[in-house]
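This is input-v8.txt. It holds compact mmCIF, C-alpha atoms.
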```txt
# COMPACT_ATOMS: atom_id res chain seq x y z
CA MET A 1 -6.54 4.67 -27.83
CA SER A 2 -3.13 4.69 -26.23
CA VAL A 3 -4.72 4.32 -22.78
CA LEU A 4 -6.92 1.50 -24.00
CA ARG A 5 -3.97 -0.37 -25.50
CA GLY A 6 -2.07 0.12 -22.24
CA PHE A 7 -5.02 -1.14 -20.23
CA LEU A 8 -5.17 -4.23 -22.41
CA TRP A 9 -1.49 -4.88 -21.65
CA LEU A 10 -2.05 -4.44 -17.91
CA SER A 11 -5.04 -6.80 -18.01
CA LEU A 12 -3.11 -9.40 -20.02
CA LEU A 13 -0.20 -9.22 -17.58
CA TRP A 14 -2.58 -9.69 -14.66
CA LEU A 15 -4.05 -12.73 -16.44
CA ALA A 16 -0.52 -14.04 -17.04
CA GLY A 17 0.15 -13.53 -13.31
CA ASP A 18 -3.03 -15.43 -12.49
CA LEU A 19 -1.96 -18.27 -14.77
CA VAL A 20 1.50 -18.46 -13.15
CA VAL A 21 -0.05 -18.46 -9.66
CA SER A 22 -2.55 -21.22 -10.38
CA LEU A 23 -0.21 -23.39 -12.46
CA GLY A 24 2.62 -23.10 -9.95
CA ASP A 25 0.27 -23.25 -6.95
CA LEU A 26 2.11 -20.20 -5.59
CA PRO A 27 0.95 -18.31 -2.49
CA LEU A 28 1.12 -15.00 -4.39
CA SER A 29 -1.45 -12.56 -5.68
CA PRO A 30 -1.72 -12.39 -9.49
CA GLY A 31 -1.24 -8.61 -9.43
CA VAL A 32 2.17 -8.89 -7.78
CA VAL A 33 3.32 -11.51 -10.30
CA GLY A 34 2.03 -9.27 -13.11
CA LEU A 35 3.95 -6.33 -11.58
CA MET A 36 7.17 -8.34 -11.57
CA LEU A 37 6.59 -9.61 -15.13
CA LEU A 38 5.99 -6.07 -16.39
CA THR A 39 9.09 -4.72 -14.58
CA THR A 40 11.14 -7.53 -16.15
CA VAL A 41 9.79 -6.65 -19.61
CA PHE A 42 10.75 -2.97 -19.07
CA VAL A 43 14.24 -3.89 -17.87
CA LEU A 44 14.83 -6.27 -20.81
CA ARG A 45 13.62 -3.67 -23.33
CA GLY A 46 15.63 -0.96 -21.60
CA ARG A 47 12.68 1.43 -21.66
CA MET A 48 9.04 1.74 -20.76
CA HIS A 49 6.11 1.03 -23.01
CA GLU A 50 4.41 4.39 -23.85
CA ASP A 51 0.90 2.92 -23.90
CA VAL A 52 1.35 1.10 -20.60
CA ALA A 53 2.66 4.26 -18.92
CA ALA A 54 -0.35 6.20 -20.25
CA ALA A 55 -2.77 3.67 -18.75
CA ALA A 56 -0.82 3.23 -15.51
CA GLN A 57 -0.96 6.85 -14.42
CA PRO A 58 -4.76 7.25 -14.15
CA LEU A 59 -5.09 3.78 -12.58
CA ILE A 60 -2.54 4.57 -9.87
CA MET A 61 -4.31 7.86 -9.16
CA LEU A 62 -7.52 5.86 -8.68
CA LEU A 63 -5.93 3.41 -6.20
CA ALA A 64 -7.22 5.29 -3.14
CA MET A 65 -10.78 5.01 -4.44
CA LEU A 66 -10.40 1.36 -5.43
CA ILE A 67 -9.46 0.32 -1.88
CA MET A 68 -12.39 2.23 -0.33
CA PRO A 69 -14.88 -0.68 -0.41
CA GLY A 70 -12.37 -2.54 1.80
CA VAL A 71 -11.74 0.41 4.11
CA VAL A 72 -15.46 1.01 4.71
CA GLY A 73 -15.78 -2.53 6.05
CA VAL A 74 -13.75 -1.46 9.11
CA PHE A 75 -16.85 0.08 10.65
CA TRP A 76 -18.65 -3.27 10.49
CA VAL A 77 -15.89 -5.39 12.02
CA LEU A 78 -15.00 -3.21 15.02
CA ASP A 79 -16.93 -5.55 17.35
CA GLN A 80 -14.78 -8.47 16.12
CA ILE A 81 -11.64 -6.93 17.59
CA SER A 82 -13.35 -5.52 20.71
CA GLY A 83 -11.53 -8.01 22.98
CA HIS A 84 -8.15 -7.23 21.43
CA TRP A 85 -7.97 -3.46 21.36
CA LEU A 86 -4.71 -3.30 23.30
CA ALA A 87 -3.02 -5.96 21.16
CA VAL A 88 -4.07 -4.27 17.90
CA GLY A 89 -3.33 -0.74 19.11
CA LEU A 90 0.13 -1.51 20.46
CA ALA A 91 1.06 -3.75 17.52
CA LEU A 92 0.26 -0.93 15.11
CA THR A 93 1.67 2.08 17.00
CA LEU A 94 4.58 0.66 18.99
CA GLY A 95 5.40 -1.80 16.20
CA THR A 96 5.55 1.04 13.68
CA LEU A 97 7.66 3.20 16.03
CA LEU A 98 10.18 0.36 16.40
CA SER A 99 10.29 -0.45 12.69
CA VAL A 100 10.77 3.22 11.70
CA ALA A 101 13.62 3.50 14.20
CA SER A 102 15.23 0.31 12.85
CA THR A 103 14.95 1.42 9.21
CA LEU A 104 16.45 4.84 9.92
CA TRP A 105 19.28 3.38 11.99
CA LEU A 106 20.09 0.71 9.40
CA MET A 107 19.90 3.00 6.37
CA ARG A 108 22.00 5.66 8.07
CA ARG A 109 24.80 3.13 8.48
CA LEU A 110 24.49 1.66 4.99
CA LEU A 111 23.65 4.56 2.70
CA PRO A 112 26.73 6.25 1.27
CA ALA A 113 26.56 10.02 0.75
CA THR A 114 27.52 10.08 -2.93
CA PRO A 115 28.35 13.46 -4.47
CA SER A 116 25.59 13.28 -7.06
CA GLU A 117 23.00 12.61 -4.39
CA VAL A 118 24.21 15.51 -2.27
CA ILE A 119 23.69 17.77 -5.27
CA ALA A 120 20.25 16.28 -5.85
CA THR A 121 19.30 16.97 -2.23
CA ALA A 122 20.58 20.53 -2.52
CA GLN A 123 18.50 21.01 -5.67
CA ASP A 124 15.39 19.80 -3.87
CA LYS A 125 15.90 22.40 -1.21
CA THR A 126 16.34 25.28 -3.62
CA SER A 127 13.41 24.30 -5.83
CA MET B 1 -39.17 6.42 1.51
CA SER B 2 -35.43 6.39 0.90
CA LEU B 3 -35.46 2.69 1.73
CA ALA B 4 -38.03 1.95 -0.96
CA VAL B 5 -35.94 3.73 -3.58
CA VAL B 6 -32.83 1.75 -2.62
CA ASP B 7 -34.72 -1.53 -2.80
CA HIS B 8 -35.55 -0.80 -6.41
CA LEU B 9 -31.92 -0.06 -7.24
CA ASP B 10 -30.70 -3.64 -7.08
CA THR B 11 -27.72 -3.08 -9.36
CA PRO B 12 -23.93 -2.87 -8.85
CA MET B 13 -24.11 0.60 -10.39
CA LEU B 14 -25.51 1.93 -7.10
CA ALA B 15 -22.45 0.75 -5.14
CA ILE B 16 -20.15 2.16 -7.82
CA ALA B 17 -21.90 5.56 -7.85
CA LEU B 18 -21.88 5.70 -4.04
CA SER B 19 -18.14 4.89 -3.94
CA ILE B 20 -17.19 7.51 -6.53
CA GLY B 21 -19.46 10.13 -4.94
CA ALA B 22 -18.08 9.49 -1.44
CA TYR B 23 -14.51 9.56 -2.75
CA LEU B 24 -14.96 12.94 -4.46
CA ALA B 25 -16.81 14.35 -1.44
CA GLY B 26 -14.09 13.05 0.89
CA MET B 27 -11.36 14.67 -1.22
CA ALA B 28 -13.25 17.98 -1.24
CA LEU B 29 -13.72 17.82 2.54
CA PHE B 30 -10.02 16.98 2.96
CA ARG B 31 -9.01 20.13 1.07
CA ARG B 32 -11.59 22.18 2.95
CA LEU B 33 -9.98 21.06 6.24
CA GLY B 34 -6.57 22.26 4.99
CA SER B 35 -5.18 18.81 4.00
CA PRO B 36 -4.34 17.58 7.54
CA GLY B 37 -1.44 15.12 7.58
CA TRP B 38 -2.89 12.98 10.40
CA CYS B 39 -6.10 12.28 8.51
CA PRO B 40 -5.74 10.53 5.13
CA PRO B 41 -8.48 11.60 2.67
CA VAL B 42 -9.51 7.97 2.15
CA LEU B 43 -10.54 7.83 5.84
CA LEU B 44 -12.82 10.86 5.41
CA ALA B 45 -14.28 9.38 2.23
CA SER B 46 -14.89 6.04 3.97
CA LEU B 47 -16.61 7.73 6.91
CA LEU B 48 -18.92 9.53 4.47
CA LEU B 49 -19.59 6.30 2.60
CA ALA B 50 -20.32 4.38 5.81
CA ALA B 51 -22.72 7.10 6.91
CA ALA B 52 -24.45 7.02 3.51
CA LEU B 53 -24.81 3.21 3.64
CA LYS B 54 -26.26 3.35 7.18
CA ALA B 55 -28.64 6.16 6.23
CA ALA B 56 -29.87 4.32 3.15
CA GLY B 57 -30.16 1.02 5.03
CA ILE B 58 -27.78 -0.85 2.74
CA ALA B 59 -26.01 -3.82 4.34
CA TYR B 60 -22.21 -3.85 3.94
CA VAL B 61 -22.35 -7.31 2.34
CA ASP B 62 -24.71 -6.03 -0.36
CA TYR B 63 -22.62 -2.93 -0.96
CA ARG B 64 -19.45 -4.96 -1.22
CA GLN B 65 -21.00 -7.30 -3.74
CA GLY B 66 -21.73 -4.35 -6.02
CA ALA B 67 -18.38 -2.70 -5.32
CA GLN B 68 -16.60 -5.89 -6.45
CA TRP B 69 -16.94 -4.56 -9.99
CA LEU B 70 -14.93 -1.49 -9.00
CA MET B 71 -12.38 -3.54 -7.07
CA LEU B 72 -11.70 -5.67 -10.13
CA LEU B 73 -9.61 -2.71 -11.33
CA LEU B 74 -7.24 -3.26 -8.38
CA GLY B 75 -5.69 -6.12 -10.37
CA PRO B 76 -4.42 -4.10 -13.36
CA ALA B 77 -3.72 -1.15 -11.01
CA THR B 78 -1.32 -3.35 -9.02
CA VAL B 79 0.42 -4.40 -12.24
CA ALA B 80 0.62 -0.68 -13.12
CA LEU B 81 2.88 -0.10 -10.08
CA ALA B 82 5.65 -1.47 -12.33
CA VAL B 83 5.74 1.95 -14.03
CA PRO B 84 6.83 4.05 -11.00
CA LEU B 85 9.11 1.17 -9.97
CA TYR B 86 10.86 1.22 -13.34
CA GLN B 87 11.14 5.01 -13.17
CA GLN B 88 13.20 4.58 -9.97
CA MET B 89 15.36 1.85 -11.48
CA HIS B 90 18.43 4.14 -11.68
CA HIS B 91 18.28 4.57 -7.88
CA ILE B 92 18.14 0.79 -7.46
CA ARG B 93 21.14 0.38 -9.78
CA ALA B 94 23.15 3.06 -7.93
CA LEU B 95 22.33 1.82 -4.42
CA TRP B 96 21.65 -1.88 -4.91
CA ARG B 97 24.10 -2.95 -2.22
CA PRO B 98 22.64 -1.06 0.78
CA LEU B 99 19.11 -1.66 -0.54
CA LEU B 100 19.76 -5.40 -0.81
CA VAL B 101 20.62 -5.50 2.89
CA CYS B 102 18.26 -2.91 4.28
CA LEU B 103 15.03 -3.69 2.45
CA PRO B 104 14.63 -7.34 3.43
CA VAL B 105 15.64 -6.61 7.03
CA SER B 106 13.31 -3.61 7.34
CA THR B 107 10.46 -5.47 5.67
CA VAL B 108 10.79 -8.47 7.96
CA LEU B 109 11.15 -6.26 11.05
CA ALA B 110 8.09 -4.14 10.15
CA ALA B 111 5.95 -7.30 10.17
CA CYS B 112 7.71 -9.08 13.05
CA TYR B 113 7.50 -6.25 15.62
CA ALA B 114 3.75 -5.97 15.11
CA LEU B 115 3.18 -9.73 15.05
CA LEU B 116 5.25 -10.32 18.19
CA ILE B 117 3.48 -7.56 20.13
CA ALA B 118 0.01 -8.73 19.03
CA TRP B 119 0.86 -12.39 19.67
CA ALA B 120 2.30 -11.64 23.12
CA LEU B 121 -0.92 -9.82 24.02
CA GLY B 122 -3.00 -12.83 23.01
CA ALA B 123 -4.30 -11.96 19.54
CA PRO B 124 -5.84 -14.99 17.74
CA PRO B 125 -4.31 -16.29 14.45
CA GLU B 126 -6.97 -14.71 12.23
CA LEU B 127 -6.21 -11.30 13.72
CA LEU B 128 -2.46 -11.85 13.27
CA ALA B 129 -3.08 -12.70 9.61
CA SER B 130 -5.00 -9.43 9.24
CA LEU B 131 -2.21 -7.36 10.83
CA ALA B 132 0.81 -9.07 9.23
CA PRO B 133 1.01 -7.00 6.00
CA LYS B 134 0.35 -3.71 7.86
CA SER B 135 3.24 -1.85 6.23
CA VAL B 136 2.42 -2.96 2.69
CA THR B 137 0.62 -0.82 0.14
CA ALA B 138 -3.12 -1.61 0.15
CA PRO B 139 -3.62 -3.37 -3.22
CA ILE B 140 -0.75 -5.78 -2.51
CA ALA B 141 -1.62 -6.14 1.20
CA MET B 142 -5.19 -7.19 0.40
CA GLY B 143 -3.90 -10.07 -1.72
CA ILE B 144 -1.50 -11.14 1.04
CA THR B 145 -4.13 -11.09 3.82
CA GLU B 146 -6.57 -13.08 1.68
CA ARG B 147 -3.88 -15.73 1.15
CA LEU B 148 -3.15 -15.87 4.91
CA GLY B 149 -6.83 -16.15 5.84
CA GLY B 150 -7.14 -12.74 7.51
CA SER B 151 -9.90 -10.16 7.30
CA VAL B 152 -9.52 -7.42 4.67
CA PRO B 153 -11.55 -4.77 6.59
CA ILE B 154 -9.39 -5.21 9.74
CA LEU B 155 -6.28 -5.00 7.57
CA MET B 156 -7.50 -1.75 6.01
CA GLY B 157 -8.00 -0.20 9.44
CA GLY B 158 -4.52 -1.37 10.40
CA LEU B 159 -3.04 0.13 7.23
CA LEU B 160 -4.57 3.53 7.97
CA ILE B 161 -3.23 3.62 11.54
CA THR B 162 0.18 2.32 10.46
CA GLY B 163 0.48 4.91 7.70
CA VAL B 164 -0.35 7.79 10.01
CA ALA B 165 1.89 6.44 12.81
CA ALA B 166 4.83 5.91 10.42
CA THR B 167 4.51 9.47 9.10
CA ALA B 168 4.49 10.85 12.66
CA CYS B 169 7.43 8.64 13.74
CA VAL B 170 9.60 9.58 10.75
CA SER B 171 9.13 13.31 11.38
CA LEU B 172 9.80 12.77 15.10
CA PHE B 173 13.01 10.73 14.63
CA GLY B 174 14.07 12.90 11.71
CA ARG B 175 14.03 15.94 13.98
CA LEU B 176 15.54 14.16 17.01
CA LEU B 177 18.40 12.60 15.03
CA LYS B 178 18.75 15.64 12.72
CA ILE B 179 18.36 13.55 9.57
CA THR B 180 18.14 15.74 6.47
CA ASP B 181 19.04 13.14 3.83
CA GLN B 182 15.95 13.02 1.63
CA ARG B 183 16.76 9.50 0.46
CA LEU B 184 16.74 8.23 4.05
CA LEU B 185 13.54 9.97 5.08
CA GLY B 186 11.84 8.88 1.85
CA LEU B 187 12.84 5.23 2.24
CA ALA B 188 11.74 5.15 5.89
CA LEU B 189 8.37 6.64 4.92
CA GLY B 190 7.81 4.28 2.01
CA ILE B 191 8.98 1.08 3.72
CA ASN B 192 6.99 1.64 6.91
CA GLY B 193 4.15 3.93 5.90
CA HIS B 194 3.19 2.62 2.40
CA ALA B 195 1.07 5.05 0.32
CA ILE B 196 0.26 7.40 3.22
CA GLY B 197 3.97 7.80 3.99
CA THR B 198 4.77 8.24 0.30
CA VAL B 199 2.32 11.11 0.00
CA ARG B 200 4.07 12.80 2.93
CA ALA B 201 7.48 12.13 1.33
CA PHE B 202 6.44 13.95 -1.85
CA GLU B 203 5.67 16.96 0.34
CA LEU B 204 9.29 16.89 1.58
CA GLY B 205 10.62 16.98 -1.97
CA PRO B 206 10.88 15.01 -5.22
CA THR B 207 13.92 12.96 -4.08
CA ALA B 208 12.17 11.87 -0.88
CA GLY B 209 9.06 11.04 -2.89
CA ALA B 210 10.98 8.98 -5.42
CA PHE B 211 12.72 6.98 -2.69
CA ALA B 212 9.45 6.52 -0.80
CA SER B 213 7.66 5.06 -3.82
CA LEU B 214 10.70 2.87 -4.42
CA GLY B 215 10.64 1.66 -0.80
CA MET B 216 6.89 1.17 -0.88
CA THR B 217 6.83 -0.95 -4.03
CA LEU B 218 9.85 -3.07 -3.13
CA THR B 219 8.48 -3.66 0.39
CA GLY B 220 5.18 -4.74 -1.14
CA VAL B 221 6.78 -7.17 -3.58
CA LEU B 222 9.21 -8.57 -0.99
CA THR B 223 6.48 -9.09 1.59
CA ALA B 224 4.21 -10.70 -1.00
CA LEU B 225 7.03 -13.09 -1.91
CA MET B 226 8.18 -13.96 1.62
CA MET B 227 5.19 -13.74 3.93
CA PRO B 228 2.87 -16.46 2.57
CA LEU B 229 5.79 -18.92 2.54
CA ALA B 230 6.84 -17.97 6.08
CA TRP B 231 3.21 -18.29 7.17
CA ARG B 232 2.94 -21.78 5.67
CA LEU B 233 6.16 -22.80 7.45
CA ALA B 234 5.03 -21.30 10.76
CA SER B 235 1.66 -23.03 10.68
CA MET B 236 3.33 -26.34 9.77
CA LEU B 237 5.65 -25.99 12.76
CA GLY B 238 2.99 -24.66 15.11
```

Render the structure in this file as structure tokens.
Amino acid sequence: MSVLRGFLWLSLLWLAGDLVVSLGDLPLSPGVVGLMLLTTVFVLRGRMHEDVAAAAQPLIMLLAMLIMPGVVGVFWVLDQISGHWLAVGLALTLGTLLSVASTLWLMRRLLPATPSEVIATAQDKTS
Amino acid sequence: MSLAVVDHLDTPMLAIALSIGAYLAGMALFRRLGSPGWCPPVLLASLLLAAALKAAGIAYVDYRQGAQWLMLLLGPATVALAVPLYQQMHHIRALWRPLLVCLPVSTVLAACYALLIAWALGAPPELLASLAPKSVTAPIAMGITERLGGSVPILMGGLLITGVAATACVSLFGRLLKITDQRLLGLALGINGHAIGTVRAFELGPTAGAFASLGMTLTGVLTALMMPLAWRLASMLG
């Protein structure tokens, strides 16, 4: 029952997101608005909703399966990008190489090594 | 004969059963192969599913129509990402200053590098719209690409390649630059390699995994907020 109640909350928040998107004519997906609404609710309450957490866990574990119908379509659209193999290939591989390098460089300069985090890292290694 | 059977099964349940069966078979095959890092299990499952559809003579359009019922769950599942995000809230509170600078910059760069390269090599606008959210976690990225007028299947292929490339690049740079900070490696994996990178981060340790899921969700939300507006502006100017 807890999972069902949680699922009802998630569905209602998605519907609320859909309402916000269509009323505000926003270029957002309803799920993302629902995600932000739910995070706001958690932050305002200062804790998570037990039922929502119980429903969220199995749904998130199912995510990989839920995107499969989209992934399978790749094999039917390969001819559409046949003229742009180089553009797609380089954009994905070289683009990712550059963005990983930028993130690491930027975070290395900005992230302070706080004592508590050093301990946390040490704990990860021993466990 | 198999064709005749399929023709009688004109119900979404067939697409749902095929998807679940292929997913479970793909996961089993993935474990049998020793869980290779370069090959996400969803790719194996999709290959099996594509083979099954071809063998049974089911058109992708028909399959997708039935699978829509399954994909409806993507909506509440996206909302559910608020739970892991809230669980990482103490990290956001502790590091909000560097995150506030790094996340938007990294998110914009992840999209811009790819878009600039593809655009310079002559990719048409529809293809650019399919590649733009390539570093965003799939459920959010699908919504973005639909808004931009791109193709979801092309995006999914791009997501797979990006995830695998990001995982390889982070281990490469991590070794070259001798980075051992789990927070850094985790963030780089989550921001650039979405769910595929996050899975790898959890293999490095719980701290890396936590920071990867944080980076993944925030990148997704930020991109969803910024990209459609930027796209509207760009198409108005262009």

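Our summary of the geometry notes that atom CA of Met68 of chain A is positioned 6.9 Å from atom CA of Val42 of chain B.
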
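Between atom CA of Trp85 of chain A and atom CA of Phe30 of chain B lies a distance of 27.6 Å.
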
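Any residue of chain A with an atom within 6 Å of chain B counts; using only C-alpha atoms, that gives Leu10, Ser11, Pro27, Ser29, Gly31, Gly34, Leu35, Thr39, Ala56, Leu59, Ile60, Leu66, Gly70, Val71, Val72, Gly73, Val74, Ala87, Ala91, Leu92, Gly95, Thr96, Leu97, Ser99, Thr103, Leu110 and Asp124 of chain A.
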
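From atom CA of Ala230 of chain B back to atom CA of Phe211 of chain B, the distance works out to 27.1 Å.
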
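Using all atoms listed in the file for every distance, the candidate list B:Leu218, B:Asp62, B:Trp96, B:Gly37 yields B:Trp96 as the residue closest to Leu111 of chain A.
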
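Excluding Phe7 of chain A itself and same-chain residues fewer than 5 positions from it, the residues having an atom within 9 Å of it are Ser2, Leu12, Asp51, Val52, Ala54, Ala55 and Ala56 of chain A; Pro76 of chain B, counting all atoms listed in the file.
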
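Nearest to Ala234 of chain B of all the residues B:Pro36, B:Pro12, B:Gly21, B:Pro125 is B:Pro125, counting only C-alpha atoms.
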
Axis-aligned box for all listed atoms of segment 193-205 of chain B, 8 Å per side, centre and edges in Å to one decimal, as JSON:
```
{"center_x": 5.4, "center_y": 9.8, "center_z": 2.0, "size_x": 26.4, "size_y": 30.4, "size_z": 23.9}
```

Selecting N, CA, C and O atoms, how would segment 74-86 of chain A from this structure be written as an mmCIF file, in the first residue's frame?
```cif
data_model
loop_
_atom_site.group_PDB
_atom_site.id
_atom_site.type_symbol
_atom_site.label_atom_id
_atom_site.label_comp_id
_atom_site.auth_asym_id
_atom_site.auth_seq_id
_atom_site.Cartn_x
_atom_site.Cartn_y
_atom_site.Cartn_z
ATOM 1 N N VAL A 74 17.091 3.046 -32.620
ATOM 2 C CA VAL A 74 18.374 3.394 -33.243
ATOM 3 C C VAL A 74 18.610 2.560 -34.487
ATOM 4 O O VAL A 74 19.063 3.073 -35.517
ATOM 5 N N PHE A 75 18.278 1.276 -34.416
ATOM 6 C CA PHE A 75 18.597 0.381 -35.524
ATOM 7 C C PHE A 75 17.754 0.684 -36.757
ATOM 8 O O PHE A 75 18.046 0.227 -37.837
ATOM 9 N N TRP A 76 16.691 1.450 -36.592
ATOM 10 C CA TRP A 76 15.838 1.796 -37.737
ATOM 11 C C TRP A 76 16.146 3.182 -38.305
ATOM 12 O O TRP A 76 15.617 3.558 -39.325
ATOM 13 N N VAL A 77 16.967 3.948 -37.604
ATOM 14 C CA VAL A 77 17.246 5.310 -38.097
ATOM 15 C C VAL A 77 18.688 5.465 -38.575
ATOM 16 O O VAL A 77 19.104 6.552 -38.933
ATOM 17 N N LEU A 78 19.454 4.361 -38.552
ATOM 18 C CA LEU A 78 20.868 4.464 -38.918
ATOM 19 C C LEU A 78 21.048 5.054 -40.317
ATOM 20 O O LEU A 78 21.977 5.824 -40.561
ATOM 21 N N ASP A 79 20.117 4.724 -41.251
ATOM 22 C CA ASP A 79 20.257 5.245 -42.611
ATOM 23 C C ASP A 79 20.047 6.758 -42.648
ATOM 24 O O ASP A 79 20.568 7.438 -43.525
ATOM 25 N N GLN A 80 19.286 7.288 -41.657
ATOM 26 C CA GLN A 80 19.047 8.741 -41.627
ATOM 27 C C GLN A 80 20.318 9.532 -41.370
ATOM 28 O O GLN A 80 20.442 10.685 -41.782
ATOM 29 N N ILE A 81 21.264 8.939 -40.610
ATOM 30 C CA ILE A 81 22.482 9.682 -40.308
ATOM 31 C C ILE A 81 23.652 9.204 -41.170
ATOM 32 O O ILE A 81 24.791 9.582 -40.934
ATOM 33 N N SER A 82 23.354 8.398 -42.209
ATOM 34 C CA SER A 82 24.440 7.798 -42.994
ATOM 35 C C SER A 82 25.368 8.860 -43.579
ATOM 36 O O SER A 82 26.564 8.644 -43.682
ATOM 37 N N GLY A 83 24.827 10.027 -43.966
ATOM 38 C CA GLY A 83 25.669 11.059 -44.563
ATOM 39 C C GLY A 83 26.449 11.861 -43.535
ATOM 40 O O GLY A 83 27.271 12.697 -43.890
ATOM 41 N N HIS A 84 26.169 11.629 -42.252
ATOM 42 C CA HIS A 84 26.765 12.478 -41.213
ATOM 43 C C HIS A 84 27.507 11.675 -40.157
ATOM 44 O O HIS A 84 27.592 12.084 -39.007
ATOM 45 N N TRP A 85 28.041 10.533 -40.568
ATOM 46 C CA TRP A 85 28.738 9.683 -39.600
ATOM 47 C C TRP A 85 29.848 10.416 -38.880
ATOM 48 O O TRP A 85 29.988 10.334 -37.666
ATOM 49 N N LEU A 86 30.673 11.141 -39.663
ATOM 50 C CA LEU A 86 31.843 11.809 -39.086
ATOM 51 C C LEU A 86 31.401 12.873 -38.090
ATOM 52 O O LEU A 86 31.932 12.957 -36.977
#
```
